[in-house]
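Novice: mmCIF, C-alpha atoms and all ligand atoms, file data27.cif:
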```cif
data_upload
#
loop_
_atom_site.label_atom_id
_atom_site.label_comp_id
_atom_site.auth_asym_id
_atom_site.auth_seq_id
_atom_site.Cartn_x
_atom_site.Cartn_y
_atom_site.Cartn_z
CA MET A 1300 -14.32 12.99 10.41
CA LEU A 1301 -15.30 9.65 8.90
CA LYS A 1302 -14.02 6.53 10.63
CA SER A 1303 -15.70 4.03 8.35
CA PHE A 1304 -17.25 3.87 4.91
CA LYS A 1305 -19.45 1.55 2.90
CA LEU A 1306 -18.28 -0.42 -0.09
CA ARG A 1307 -21.66 -1.49 -1.42
CA ASN A 1308 -23.09 -3.44 1.56
CA LEU A 1309 -19.80 -3.86 3.36
CA ASP A 1310 -19.07 -1.69 6.39
CA VAL A 1311 -15.37 -0.89 6.27
CA PHE A 1312 -14.01 -0.01 9.71
CA PRO A 1313 -11.50 1.39 10.30
CA ASN A 1314 -11.38 3.27 7.00
CA THR A 1315 -7.87 2.15 6.13
CA ILE A 1316 -6.52 0.11 3.22
CA LEU A 1317 -3.13 -1.51 2.97
CA SER A 1318 -2.09 -0.14 -0.39
CA PRO A 1319 -0.90 -2.88 -2.73
CA MET A 1320 2.87 -2.95 -3.27
CA ASP A 1321 4.30 -5.42 -5.74
CA GLY A 1322 7.15 -7.36 -4.15
CA VAL A 1323 6.13 -6.26 -0.66
CA THR A 1324 2.49 -6.83 0.29
CA ASP A 1325 2.32 -10.56 -0.28
CA ALA A 1326 0.29 -12.78 2.05
CA PRO A 1327 3.00 -12.91 4.79
CA PHE A 1328 3.43 -9.12 4.87
CA ARG A 1329 -0.32 -8.63 4.96
CA ARG A 1330 -0.51 -11.19 7.76
CA LEU A 1331 2.15 -9.27 9.66
CA CYS A 1332 0.19 -6.02 9.42
CA ARG A 1333 -3.02 -7.82 10.30
CA VAL A 1334 -1.57 -9.50 13.37
CA LEU A 1335 0.12 -6.31 14.59
CA SER A 1336 -3.13 -4.39 14.17
CA GLY A 1337 -5.14 -6.89 16.22
CA ASN A 1338 -6.97 -7.70 12.99
CA ARG A 1339 -8.28 -4.17 12.66
CA MET A 1340 -7.58 -3.26 9.05
CA GLY A 1341 -10.29 -1.99 6.74
CA LEU A 1342 -9.47 -3.63 3.42
CA LEU A 1343 -6.61 -5.68 2.07
CA VAL A 1344 -5.71 -5.86 -1.61
CA SER A 1345 -3.49 -8.23 -3.58
CA GLU A 1346 -0.33 -7.15 -5.36
CA PHE A 1347 -1.28 -6.36 -8.94
CA VAL A 1348 -1.87 -9.33 -11.19
CA PRO A 1349 -0.85 -9.12 -14.87
CA THR A 1350 -3.44 -10.09 -17.46
CA ASP A 1351 -1.69 -9.27 -20.75
CA GLY A 1352 0.62 -12.28 -20.86
CA ASP A 1353 -1.76 -15.24 -20.79
CA ALA A 1354 -3.55 -16.29 -23.97
CA VAL A 1355 -6.21 -17.65 -21.61
CA PHE A 1356 -5.95 -16.26 -18.08
CA CYS A 1357 -4.63 -18.98 -15.83
CA LEU A 1358 -5.11 -18.83 -12.06
CA ASP A 1359 -2.18 -21.13 -11.34
CA GLY A 1360 0.40 -18.92 -12.98
CA HIS A 1361 -0.05 -15.95 -10.63
CA LYS A 1362 1.32 -16.19 -7.12
CA GLN A 1363 -0.23 -12.80 -6.28
CA LEU A 1364 -3.65 -14.46 -6.22
CA LYS A 1365 -2.89 -16.34 -3.02
CA PHE A 1366 -4.74 -15.08 0.03
CA PHE A 1367 -6.12 -16.51 3.24
CA PRO A 1368 -9.72 -16.51 4.48
CA GLU A 1369 -8.65 -14.36 7.46
CA GLU A 1370 -7.73 -11.58 5.05
CA ARG A 1371 -11.31 -10.90 4.05
CA PRO A 1372 -12.63 -8.43 3.07
CA PHE A 1373 -10.04 -8.83 0.33
CA GLY A 1374 -9.72 -7.34 -3.13
CA ILE A 1375 -7.75 -8.62 -6.12
CA GLN A 1376 -6.11 -6.02 -8.30
CA ILE A 1377 -5.50 -6.66 -12.00
CA PHE A 1378 -3.66 -4.70 -14.64
CA GLY A 1379 -3.37 -4.83 -18.39
CA ARG A 1380 -4.20 -2.95 -21.55
CA PHE A 1381 -6.55 -5.31 -23.35
CA PRO A 1382 -10.21 -4.98 -22.33
CA ASP A 1383 -11.07 -8.57 -23.33
CA LYS A 1384 -8.17 -10.04 -21.34
CA MET A 1385 -8.93 -7.89 -18.31
CA ALA A 1386 -12.59 -8.93 -18.46
CA ALA A 1387 -11.79 -12.63 -18.80
CA ALA A 1388 -9.32 -12.49 -15.91
CA ALA A 1389 -11.78 -10.62 -13.69
CA LYS A 1390 -14.53 -13.18 -14.34
CA LYS A 1391 -12.29 -16.16 -13.70
CA ILE A 1392 -10.88 -14.65 -10.51
CA ALA A 1393 -14.31 -13.64 -9.24
CA GLU A 1394 -15.91 -17.01 -9.90
CA ASN A 1395 -13.09 -19.11 -8.53
CA LEU A 1396 -11.59 -17.09 -5.69
CA HIS A 1397 -14.59 -15.04 -4.57
CA PRO A 1398 -12.76 -11.89 -3.48
CA GLU A 1399 -14.90 -9.09 -2.02
CA PHE A 1400 -13.98 -6.82 -4.95
CA ILE A 1401 -11.99 -6.62 -8.15
CA GLU A 1402 -9.77 -3.58 -8.66
CA VAL A 1403 -8.36 -2.20 -11.91
CA ASN A 1404 -4.91 -0.60 -11.70
CA ALA A 1405 -4.47 2.69 -13.54
CA GLY A 1406 -1.57 3.90 -11.44
CA CYS A 1407 1.58 1.84 -11.92
CA PRO A 1408 4.34 4.11 -13.26
CA ALA A 1409 6.91 1.40 -14.12
CA PRO A 1410 8.10 1.76 -17.73
CA LYS A 1411 7.43 -1.92 -18.48
CA VAL A 1412 3.79 -1.37 -17.43
CA ALA A 1413 2.91 2.28 -18.11
CA GLY A 1414 5.12 2.46 -21.19
CA LYS A 1415 3.08 -0.34 -22.76
CA GLY A 1416 -0.17 1.46 -22.05
CA SER A 1417 -1.39 -0.28 -18.93
CA GLY A 1418 -1.22 0.92 -15.30
CA SER A 1419 -0.87 4.70 -15.38
CA GLY A 1420 -0.46 4.44 -19.17
CA LEU A 1421 -4.27 4.20 -19.24
CA LEU A 1422 -4.43 7.80 -18.05
CA ARG A 1423 -3.11 8.81 -21.47
CA ASP A 1424 -5.87 6.84 -23.14
CA LEU A 1425 -9.06 7.36 -21.16
CA PRO A 1426 -11.29 5.77 -23.85
CA ARG A 1427 -9.31 2.58 -23.36
CA LEU A 1428 -9.62 2.85 -19.58
CA GLN A 1429 -13.37 3.30 -20.05
CA GLU A 1430 -13.57 0.25 -22.29
CA ILE A 1431 -11.67 -1.82 -19.74
CA LEU A 1432 -13.93 -0.74 -16.89
CA HIS A 1433 -17.00 -1.35 -19.03
CA ASP A 1434 -15.93 -4.82 -20.11
CA VAL A 1435 -14.74 -5.86 -16.66
CA ARG A 1436 -18.03 -4.71 -15.11
CA ALA A 1437 -19.97 -6.55 -17.81
CA ALA A 1438 -17.94 -9.71 -17.22
CA LEU A 1439 -18.64 -9.51 -13.49
CA ASP A 1440 -22.34 -9.00 -14.25
CA ASN A 1441 -22.21 -12.12 -16.41
CA SER A 1442 -20.47 -14.15 -13.75
CA ASN A 1443 -22.06 -16.22 -11.03
CA VAL A 1444 -20.99 -13.73 -8.33
CA ASP A 1445 -22.03 -10.13 -7.79
CA ILE A 1446 -19.13 -8.08 -6.47
CA PRO A 1447 -18.03 -4.44 -6.70
CA LEU A 1448 -15.51 -3.16 -9.21
CA THR A 1449 -13.03 -0.58 -7.88
CA LEU A 1450 -10.34 1.54 -9.51
CA LYS A 1451 -6.97 2.85 -8.36
CA CYS A 1452 -5.50 5.73 -10.32
CA ARG A 1453 -3.01 8.58 -10.22
CA ILE A 1454 -4.06 12.19 -10.76
CA GLY A 1455 -2.74 12.18 -14.32
CA TRP A 1456 0.23 11.42 -16.54
CA ASP A 1457 2.10 14.66 -15.86
CA ASP A 1458 1.44 18.16 -14.54
CA GLN A 1459 0.21 19.30 -17.96
CA SER A 1460 -2.37 16.55 -18.25
CA ILE A 1461 -4.02 16.12 -14.88
CA ASN A 1462 -7.28 14.34 -15.67
CA VAL A 1463 -8.39 12.72 -12.46
CA MET A 1464 -11.77 14.50 -12.59
CA GLU A 1465 -12.44 12.91 -15.98
CA THR A 1466 -11.28 9.58 -14.62
CA LEU A 1467 -13.78 9.92 -11.78
CA LYS A 1468 -16.64 10.65 -14.19
CA ILE A 1469 -15.74 7.68 -16.39
CA ALA A 1470 -15.41 5.42 -13.37
CA GLU A 1471 -18.77 6.41 -11.95
CA GLY A 1472 -20.39 6.05 -15.38
CA GLU A 1473 -19.06 2.51 -15.71
CA GLY A 1474 -20.27 1.38 -12.31
CA VAL A 1475 -17.03 1.61 -10.34
CA GLU A 1476 -17.95 1.59 -6.64
CA MET A 1477 -14.77 2.94 -5.01
CA LEU A 1478 -11.93 5.06 -6.37
CA THR A 1479 -8.52 5.20 -4.73
CA VAL A 1480 -6.54 8.23 -5.86
CA HIS A 1481 -2.77 8.31 -5.46
CA GLY A 1482 -2.06 12.04 -5.50
CA ARG A 1483 0.95 11.92 -7.81
CA THR A 1484 1.35 12.05 -11.56
CA ARG A 1485 2.97 9.20 -13.44
CA LEU A 1486 5.97 11.41 -14.17
CA GLN A 1487 6.50 11.99 -10.47
CA GLY A 1488 6.99 8.29 -9.79
CA TYR A 1489 7.29 8.26 -6.03
CA ASN A 1490 9.12 11.59 -5.79
CA GLY A 1491 7.97 14.72 -4.06
CA LEU A 1492 4.81 14.69 -2.02
CA ALA A 1493 1.35 13.62 -3.13
CA ASN A 1494 -0.99 16.44 -4.14
CA TRP A 1495 -3.89 16.10 -1.73
CA ASP A 1496 -5.68 19.17 -3.09
CA TRP A 1497 -6.55 17.13 -6.17
CA ILE A 1498 -7.63 14.20 -4.03
CA GLY A 1499 -9.89 16.59 -2.11
CA LYS A 1500 -11.45 17.90 -5.34
CA VAL A 1501 -12.23 14.36 -6.45
CA ALA A 1502 -13.73 13.49 -3.07
CA ALA A 1503 -15.92 16.60 -3.17
CA ALA A 1504 -17.26 15.78 -6.64
CA ALA A 1505 -17.69 12.03 -6.19
CA LYS A 1506 -20.83 10.03 -5.54
CA ILE A 1507 -18.76 6.94 -4.71
CA PRO A 1508 -16.28 6.53 -1.81
CA VAL A 1509 -12.94 8.13 -2.64
CA ILE A 1510 -9.89 6.83 -0.83
CA GLY A 1511 -6.89 9.16 -0.58
CA ASN A 1512 -3.42 7.77 -1.03
CA GLY A 1513 0.06 9.20 -0.67
CA ASP A 1514 2.44 9.80 2.22
CA VAL A 1515 0.12 8.78 5.06
CA ASN A 1516 2.52 7.54 7.69
CA SER A 1517 0.96 8.20 11.11
CA VAL A 1518 -2.29 8.52 13.00
CA ALA A 1519 -1.88 12.29 12.80
CA THR A 1520 -1.50 12.35 9.01
CA ALA A 1521 -4.41 9.93 8.55
CA ARG A 1522 -6.59 12.15 10.73
CA GLU A 1523 -5.47 15.33 9.00
CA ARG A 1524 -6.12 13.91 5.51
CA LEU A 1525 -9.57 12.65 6.46
CA GLU A 1526 -10.54 15.93 8.11
CA THR A 1527 -9.08 18.28 5.51
CA TYR A 1528 -9.79 16.52 2.24
CA GLY A 1529 -13.12 14.81 2.93
CA VAL A 1530 -12.02 11.39 1.73
CA SER A 1531 -13.87 8.26 2.83
CA GLY A 1532 -10.67 6.53 3.86
CA VAL A 1533 -6.93 6.43 3.47
CA SER A 1534 -4.75 3.93 1.69
CA ILE A 1535 -1.32 3.38 3.23
CA GLY A 1536 1.60 1.87 1.34
CA ARG A 1537 5.15 2.69 2.26
CA GLY A 1538 4.00 3.98 5.64
CA ALA A 1539 3.23 0.36 6.51
CA MET A 1540 6.83 -0.64 5.81
CA HIS A 1541 8.11 2.18 7.99
CA ASN A 1542 5.56 1.28 10.63
CA PRO A 1543 3.63 -2.00 10.28
CA TRP A 1544 1.73 -1.13 13.49
CA ILE A 1545 0.13 1.87 11.83
CA PHE A 1546 -3.22 0.19 11.19
CA GLY A 1547 -3.55 -0.83 14.83
CA GLN A 1548 -2.53 2.64 15.96
CA ILE A 1549 -5.19 4.22 13.75
CA ALA A 1550 -7.78 1.69 15.00
CA ASP A 1551 -6.78 2.50 18.60
CA ALA A 1552 -7.22 6.21 17.95
CA TRP A 1553 -10.60 5.69 16.27
CA GLU A 1554 -11.68 3.54 19.22
CA GLY A 1555 -10.57 6.22 21.71
CA LYS A 1556 -7.69 4.20 23.11
CA PRO A 1557 -4.50 5.98 24.22
CA GLU A 1558 -1.46 6.18 21.96
CA ARG A 1559 1.42 3.94 22.98
CA GLN A 1560 5.08 4.87 22.55
CA MET A 1561 7.07 1.84 21.42
CA THR A 1562 10.67 1.07 22.18
CA ALA A 1563 13.12 -0.03 19.52
CA ILE A 1564 13.40 -3.41 21.25
CA GLU A 1565 9.68 -4.10 20.91
CA THR A 1566 9.94 -3.05 17.30
CA LEU A 1567 12.83 -5.37 16.54
CA ASP A 1568 10.78 -8.33 17.71
CA VAL A 1569 8.79 -7.99 14.51
CA PHE A 1570 11.59 -9.60 12.49
CA PRO A 1571 11.35 -13.18 13.83
CA LEU A 1572 7.57 -12.97 13.46
CA TYR A 1573 7.81 -11.86 9.83
CA TYR A 1574 10.52 -14.43 9.10
CA ASN A 1575 8.32 -17.26 10.36
CA PHE A 1576 5.37 -16.01 8.33
CA LYS A 1577 7.57 -16.05 5.22
CA LEU A 1578 8.85 -19.57 5.93
CA GLU A 1579 5.33 -20.84 6.68
CA ASP A 1580 4.34 -19.45 3.30
CA GLY A 1581 7.00 -21.55 1.60
CA SER A 1582 9.76 -18.96 1.22
CA THR A 1583 13.40 -20.02 1.15
CA GLU A 1584 15.71 -18.80 3.90
CA MET A 1585 17.42 -16.39 1.52
CA GLY A 1586 14.11 -15.18 0.14
CA ALA A 1587 12.87 -14.50 3.64
CA LEU A 1588 16.14 -12.79 4.57
CA GLY A 1589 15.70 -10.46 1.60
CA ARG A 1590 12.29 -9.44 2.89
CA LEU A 1591 13.66 -8.93 6.42
CA LYS A 1592 16.22 -6.53 4.99
CA GLN A 1593 13.59 -4.80 2.86
CA LEU A 1594 11.60 -4.16 6.03
CA ALA A 1595 14.64 -3.23 8.12
CA ALA A 1596 15.77 -0.64 5.57
CA ARG A 1597 12.60 1.35 6.19
CA LEU A 1598 11.60 0.43 9.71
CA CYS A 1599 14.94 1.40 11.28
CA LYS A 1600 14.56 4.94 9.97
CA GLY A 1601 12.10 5.42 12.77
CA PHE A 1602 14.63 4.77 15.52
CA VAL A 1603 15.72 7.66 17.69
CA ASN A 1604 18.10 7.70 20.57
CA PRO A 1605 16.87 10.28 23.08
CA GLU A 1606 20.45 10.75 24.28
CA PHE A 1607 21.74 11.74 20.84
CA ASP A 1608 21.34 15.14 19.29
CA ALA A 1609 18.99 15.56 16.36
CA GLU A 1610 21.72 15.29 13.73
CA ASN A 1611 22.78 11.83 14.79
CA ASP A 1612 21.00 9.15 12.80
CA ALA A 1613 20.66 6.33 15.33
CA GLY A 1614 18.64 4.21 12.93
CA MET A 1615 21.39 4.28 10.33
CA GLN A 1616 23.70 2.25 12.55
CA VAL A 1617 21.04 -0.33 13.33
CA ARG A 1618 20.16 -0.50 9.65
CA GLN A 1619 23.74 -1.03 8.53
CA THR A 1620 24.20 -3.79 11.11
CA LEU A 1621 21.16 -5.69 9.89
CA LEU A 1622 21.48 -5.05 6.17
CA THR A 1623 24.99 -6.46 5.97
CA ALA A 1624 24.08 -9.82 7.54
CA GLN A 1625 24.81 -12.64 5.11
CA THR A 1626 22.49 -15.30 6.49
CA ALA A 1627 19.30 -15.40 8.51
CA ALA A 1628 21.23 -16.80 11.48
CA GLU A 1629 23.65 -13.88 11.32
CA PHE A 1630 20.75 -11.44 11.00
CA PHE A 1631 19.15 -12.79 14.17
CA ASP A 1632 22.48 -12.91 16.08
CA ARG A 1633 23.02 -9.27 15.24
CA LEU A 1634 19.46 -8.45 16.14
CA GLN A 1635 19.94 -9.98 19.58
CA ALA A 1636 23.18 -8.04 20.10
CA LEU A 1637 21.44 -4.81 19.11
CA LYS A 1638 18.62 -5.45 21.55
CA GLU A 1639 21.05 -6.08 24.39
CA GLY A 1640 23.32 -3.16 23.50
CA PHE A 1641 23.14 -0.34 21.07
CA ALA A 1642 19.39 -0.30 20.49
CA SER A 1643 18.40 -0.96 24.09
CA ASN A 1644 17.46 2.62 24.94
CA MET A 1645 16.17 3.75 21.56
CA LEU A 1646 12.59 4.74 20.86
CA PHE A 1647 10.55 4.08 17.75
CA SER A 1648 9.21 7.34 16.30
CA PRO A 1649 8.44 6.86 12.62
CA ASP A 1650 6.04 9.83 12.66
CA ARG A 1651 8.91 12.24 12.12
CA LEU A 1652 9.49 10.93 8.59
CA ILE A 1653 7.60 13.00 6.06
CA ASN A 1654 9.20 11.72 2.90
CA LEU A 1655 8.90 8.02 2.18
CA ASN A 1656 10.81 7.89 -1.08
CA GLY A 1657 13.38 5.34 -0.01
CA ALA A 1658 16.60 5.79 -1.96
CA LYS A 1659 15.47 9.15 -3.26
CA GLU A 1660 15.58 10.51 0.25
CA THR A 1661 19.33 10.83 -0.13
CA GLU A 1662 18.70 13.57 -2.64
CA LEU A 1663 17.05 15.71 -0.02
CA ARG A 1664 19.08 17.88 2.26
CA PHE A 1665 19.47 16.05 5.52
CA GLY A 1666 16.90 17.52 7.85
CA ASP A 1667 14.21 18.15 5.23
CA GLN A 1668 12.85 14.72 5.89
CA PHE A 1669 12.93 15.02 9.63
CA ALA A 1670 11.06 18.27 10.11
CA GLY A 1671 9.79 18.81 13.59
CA ARG A 1672 12.15 16.45 15.30
C1 LIG A 1701 7.43 -1.21 -4.23
C2 LIG A 1701 6.06 -0.69 -4.60
C3 LIG A 1701 5.21 -1.50 -5.30
C4 LIG A 1701 3.93 -1.04 -5.65
N1 LIG A 1701 3.05 -1.88 -6.29
C5 LIG A 1701 1.76 -1.47 -6.51
C6 LIG A 1701 0.77 -2.36 -7.03
O1 LIG A 1701 1.02 -3.54 -7.30
N2 LIG A 1701 -0.48 -1.87 -7.23
C7 LIG A 1701 -0.82 -0.57 -6.93
O2 LIG A 1701 -1.96 -0.17 -7.10
N3 LIG A 1701 0.09 0.28 -6.42
C8 LIG A 1701 1.36 -0.14 -6.19
N4 LIG A 1701 2.25 0.72 -5.61
C9 LIG A 1701 1.80 2.06 -5.22
C10 LIG A 1701 1.28 2.08 -3.80
O3 LIG A 1701 0.15 1.26 -3.64
C11 LIG A 1701 0.90 3.51 -3.36
O4 LIG A 1701 -0.07 3.98 -4.27
C12 LIG A 1701 2.08 4.46 -3.37
O5 LIG A 1701 3.20 3.86 -2.75
C13 LIG A 1701 1.73 5.77 -2.64
O6 LIG A 1701 1.27 5.52 -1.36
P1 LIG A 1701 2.23 5.67 -0.05
O7 LIG A 1701 2.77 7.06 -0.07
O8 LIG A 1701 1.32 5.38 1.10
O9 LIG A 1701 3.32 4.67 -0.22
C14 LIG A 1701 3.52 0.28 -5.29
C15 LIG A 1701 4.41 1.09 -4.58
C16 LIG A 1701 5.66 0.63 -4.23
C17 LIG A 1701 6.58 1.52 -3.44
#
```
Before we go any further, please render this structure as structure tokens.
Specialist:
Amino acid sequence: MLKSFKLRNLDVFPNTILSPMDGVTDAPFRRLCRVLSGNRMGLLVSEFVPTDGDAVFCLDGHKQLKFFPEERPFGIQIFGRFPDKMAAAAKKIAENLHPEFIEVNAGCPAPKVAGKGSGSGLLRDLPRLQEILHDVRAALDNSNVDIPLTLKCRIGWDDQSINVMETLKIAEGEGVEMLTVHGRTRLQGYNGLANWDWIGKVAAAAKIPVIGNGDVNSVATARERLETYGVSGVSIGRGAMHNPWIFGQIADAWEGKPERQMTAIETLDVFPLYYNFKLEDGSTEMGALGRLKQLAARLCKGFVNPEFDAENDAGMQVRQTLLTAQTAAEFFDRLQALKEGFASNMLFSPDRLINLNGAKETELRFGDQFAGR
């Protein structure tokens, strides 16, 4: 099983990527994951940066471009449907911000993106995707830096039009140096489970590193995906919200260190850390509180009370307590009360979650998502 891969001359160890998530993986969230991992994350990527809107791409107008030197190796992801605008944005970003790579997004399913023909909309128009990759690569070649171009895509638009093998061929032909494949179609959104068989087929056919993406939420799933599907690495999105320690846990496993069971109390201490990172980054109190709740909504799903039976959702009660706080002060008061009382003997076991669909999980029969508990 691979534990590292090469992106051009860069050794990426461990072979993990924090998958970009718009509205989630900003600099403070990335910092949180980085700190909790002991700085052992393979690659970090920006939230996607729009290029369609600006007549002339303007660095100042895009908060997603902000990153810190400690985040390197760092990639900046752009999206759009106009080859000339994508190329101009890539050149300006590369020359001014010097990221380690530029990534094109061909995966976003949101109607306002895909419906207009960018993001996963490009999978319905592969000639356009090819033109974008060609022009972006040419712009990077004409710039004063020499960095890799990477691509992130889904397996296709819908089940009837899976075209990820064609996407791979186009990408390789246009000089793309790493392909991350999210194993869902656009139509799937974030529902169901990712189709790793397709990811495996791409990895087997590819000359470039292929990174598998979809539903990796534990050391065990990361290991299983790497072993079974022959990918060069795994990209982890929602799994990092359920468990921001996941990168450190994978690094520990790759380094032969023992697995550590965490208590709920240790886990809850992540909230003041994250809050301070948000404030240091210039967030308002309410803005930071929103992000605390966003994290709590997922993270608390991992809580189990060993004294309860399997049907009792211990995390739900913690979640409700935190999500209904009106101010940051109230959030932290409640957090302290939970640590001293209700949550004091809970364990943190996010590995039992197999479906990371957030709200959609309510559509599953209770129990489906907690197999093996
Ligand atoms: C809230 C949210 C925002 C996302 N934003 C982006 C994005 O900006 N760029 C991108 O390539 N993928 C984006 N994604 C997709 C993820 O990077 C990832 O491909 C997807 O969540 C599947 O991986 P996972 O099962 O590990 O979460 C987003 C996903 C979510 C849930």
Novice: I'd like the contact shell of Asn1404 (chain A) - 9 Å cut-off, only C-alpha atoms, skipping same-chain residues fewer than 2 positions apart - returned as a list in words.
Specialist: Phe1347, Gln1376, Ile1377, Phe1378, Gly1379, Glu1402, Gly1406, Cys1407, Ser1417, Gly1418, Ser1419, Leu1421, Thr1449, Leu1450, Lys1451 and Cys1452 of chain A
Novice: For Asp1321 (chain A), which residue out of A:Gly1414, A:Gly1536, A:Pro1447, A:Gly1374 is the nearest one, using only C-alpha atoms?
Specialist: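 Result for the nearest residue to Asp1321 (chain A): A:Gly1536.
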Novice: Residues at most 9 Å from ligand LIG 1701 (chain A), using all atoms listed in the file? Could they come as a PyMOL selection string?
Specialist: chain A and resi 1317-1324+1344-1348+1376-1378+1402-1408+1418+1450-1453+1479-1483+1488-1489+1492-1493+1511-1516+1533-1540+1654-1657
Novice: Could you jot down the CA of Asn1542 (chain A) to CA of Pro1649 (chain A) separation for me, Å, one decimal place?
Specialist: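 CA of Pro1649 (chain A) lies at a distance of 6.6 Å from CA of Asn1542 (chain A).
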Novice: Please determine, counting all atoms listed in the file, which residue among A:Ala1627, A:Ala1613, A:Leu1525, A:Leu1621 has the shortest atom-to-atom distance to Thr1315 (chain A).
Specialist: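 Result for the nearest residue to Thr1315 (chain A): A:Leu1525.
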Novice: What's around Glu1554 (chain A) at 12 Å? Count only C-alpha atoms, leave out sequence neighbours fewer than 2 positions away in its own chain, and write the answer as an MDAnalysis selection string.
Specialist: chainID A and resid 1302:1303 1312:1313 1339 1547:1552 1556:1558
Novice: Measure the distance from CA of Lys1390 (chain A) to CA of Arg1485 (chain A) in Å and round it to one decimal.
Specialist: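 Computing the Euclidean distance for CA of Lys1390 (chain A) and CA of Arg1485 (chain A) yields 28.4 Å.
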Novice: Measuring between all atoms listed in the file, which one of A:Glu1465, A:Glu1579, A:Asp1310, A:Glu1606 shows the shortest distance to Leu1422 (chain A)?
Specialist: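 Nearest to Leu1422 (chain A): A:Glu1465.
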Novice: In the coordinate frame of the file, compute which residues have an atom within 10 Å of (14.0, 3.6, 22.6) when using only C-alpha atoms, and state them as number ranges by chain.
Specialist: A: 1560-1566, 1602-1606, 1642-1648
Novice: Could you add the missing atoms to region 1407-1420 of chain A, up to N, CA and C atoms, and return them as a short mmCIF file (atom, residue, chain, number, x, y, z; two decimals), in the frame of the given file?
Specialist:
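The resulting rebuild_30.cif:
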```cif
data_model
loop_
_atom_site.label_atom_id
_atom_site.label_comp_id
_atom_site.auth_asym_id
_atom_site.auth_seq_id
_atom_site.Cartn_x
_atom_site.Cartn_y
_atom_site.Cartn_z
N CYS A 1407 0.17 2.27 -11.95
CA CYS A 1407 1.58 1.84 -11.92
C CYS A 1407 2.41 2.67 -12.90
N PRO A 1408 3.53 3.25 -12.40
CA PRO A 1408 4.34 4.11 -13.26
C PRO A 1408 5.50 3.37 -13.95
N ALA A 1409 5.73 2.10 -13.61
CA ALA A 1409 6.91 1.40 -14.12
C ALA A 1409 6.92 1.40 -15.65
N PRO A 1410 8.06 1.71 -16.27
CA PRO A 1410 8.10 1.76 -17.73
C PRO A 1410 7.58 0.50 -18.40
N LYS A 1411 7.87 -0.67 -17.82
CA LYS A 1411 7.43 -1.92 -18.48
C LYS A 1411 5.91 -2.09 -18.40
N VAL A 1412 5.26 -1.33 -17.54
CA VAL A 1412 3.79 -1.37 -17.43
C VAL A 1412 3.19 -0.15 -18.12
N ALA A 1413 3.52 1.03 -17.60
CA ALA A 1413 2.91 2.28 -18.11
C ALA A 1413 3.34 2.54 -19.55
N GLY A 1414 4.60 2.20 -19.85
CA GLY A 1414 5.12 2.46 -21.19
C GLY A 1414 4.39 1.65 -22.25
N LYS A 1415 3.82 0.51 -21.81
CA LYS A 1415 3.08 -0.34 -22.76
C LYS A 1415 1.60 0.01 -22.77
N GLY A 1416 1.22 1.01 -22.00
CA GLY A 1416 -0.17 1.46 -22.05
C GLY A 1416 -1.06 0.92 -20.97
N SER A 1417 -0.53 0.12 -20.04
CA SER A 1417 -1.39 -0.28 -18.93
C SER A 1417 -0.95 0.46 -17.67
N GLY A 1418 -1.53 0.14 -16.51
CA GLY A 1418 -1.22 0.92 -15.30
C GLY A 1418 -1.52 2.39 -15.57
N SER A 1419 -0.60 3.27 -15.18
CA SER A 1419 -0.87 4.70 -15.38
C SER A 1419 -0.85 5.08 -16.85
N GLY A 1420 -0.37 4.19 -17.73
CA GLY A 1420 -0.46 4.44 -19.17
C GLY A 1420 -1.90 4.63 -19.62
#
```
